[in-house]
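Peer 1: Input: one structure, supplied below.
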Amino acid sequence: MVEKVHDSPTSDCSYLSHISHLLTDIIMNLGRVIGQATSTVKHPSMDGWRLLVVQPVNNAGDADGDPVMSIDDLGAGRGDMVLISSDGKAVREMMKSNNTPVRWAVIGLAD
């Protein structure tokens, strides 16, 4: 839960910026593709999806946390910068499955 600390006109902008930053951190991150995964046994909802290992990065491009497994249908490759999302609803809609175990998906390729 986020609480508003100050009630000044200038704090409203920083409060909204803070909320926007929190939502961005939760729903999408920038990451670098560091590998590809192969699985012979997997959940049926994952059939036909490419599995990438993506290292989330901070604004400076440095590693930020542990790598995550992401599905990809955009054709990202090793070394590419990608936008990944952990929005469960969006991932379920993308995969057309309400019971998929997938949490992360590549939703964009960074320039």
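Ordering of the structure tokens sets the chain letters (A, B, ...); residue numbers start at 1 within each chain; ligands are numbered from 1 in the order shown.
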Just the residues within 9 Å of Asn29 of chain A, please, counting only C-alpha atoms, with nothing from its chain fewer than 4 positions along; format it as a list in words.

Peer 2: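 The residues satisfying every condition are Thr24, Asp25, Pro56, Val57, Asn58, Val82, Leu83, Ile84, Ser85 and Ser86 of chain A.
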
Peer 1: Please save C-alpha atoms of the selected residues as a compact mmCIF listing (two decimals), in the first residue's frame.

Peer 2:
```
# COMPACT_ATOMS: atom_id res chain seq x y z
CA THR A 24 6.02 -0.14 -14.12
CA ASP A 25 8.23 -2.18 -11.78
CA PRO A 56 16.15 -7.81 -15.93
CA VAL A 57 18.31 -4.66 -16.03
CA ASN A 58 18.16 -1.26 -14.32
CA VAL A 82 13.40 -6.64 -24.54
CA LEU A 83 10.44 -5.39 -22.57
CA ILE A 84 9.02 -8.15 -20.37
CA SER A 85 5.73 -8.19 -18.50
CA SER A 86 4.60 -10.06 -15.41
```

Peer 1: When distances are computed from only C-alpha atoms, which of A:Ile34, A:Ala90, A:Ala105, A:Met81 shows the smallest separation from Gly61 of chain A?

Peer 2: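 Distance minimum relative to Gly61 of chain A lands on A:Met81.
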
Peer 1: Choose the residue, out of A:Ala37, A:Ile71, A:Ala63, A:Val53, that has the smallest atom-to-atom separation from Gly108 of chain A; count only C-alpha atoms.

Peer 2: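 With only C-alpha atoms as the atom set, the closest residue is A:Ile71.
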
Peer 1: Counting only C-alpha atoms, which residue out of A:Ser39, A:Lys89, A:Gly31, A:Asp111 sits closest to Asn59 of chain A?

Peer 2: A:Gly31

Peer 1: Could you work out how far atom CA of Val106 of chain A lies from atom CA of Arg92 of chain A, giving the answer in Å with one decimal?

Peer 2: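 We find that atom CA of Arg92 of chain A and atom CA of Val106 of chain A lie 13.0 Å from each other.
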
Peer 1: Work out how far atom CA of Asn99 of chain A is from atom CA of Leu74 of chain A, in Å to one decimal.

Peer 2: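 Result for atom CA of Leu74 of chain A versus atom CA of Asn99 of chain A: 22.4 Å, one decimal.
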
Peer 1: Given the choices A:Leu52, A:Ala76, A:Val41, A:Met46, which gets closest to Met94 of chain A if the distance is worked out from only C-alpha atoms?

Peer 2: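 Smallest separation from Met94 of chain A among the options: A:Met46.
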
Peer 1: Write down as a list in words the residues of segment 20-77 of chain A whose backbone DSSP state falls under strand (DSSP E).

Peer 2: Met28, Asn29, Leu30, Gly31, Arg32, Val33, Ile34, Gly35, Gln36, Ala37, Arg50, Leu51, Leu52, Val53, Val54, Gln55, Pro56, Val68, Met69, Ser70, Ile71 and Asp72 of chain A

Peer 1: Using Å and a single decimal, report how far atom CA of Asp66 of chain A sits from atom CA of Lys96 of chain A.

Peer 2: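 The value is 27.2 Å.
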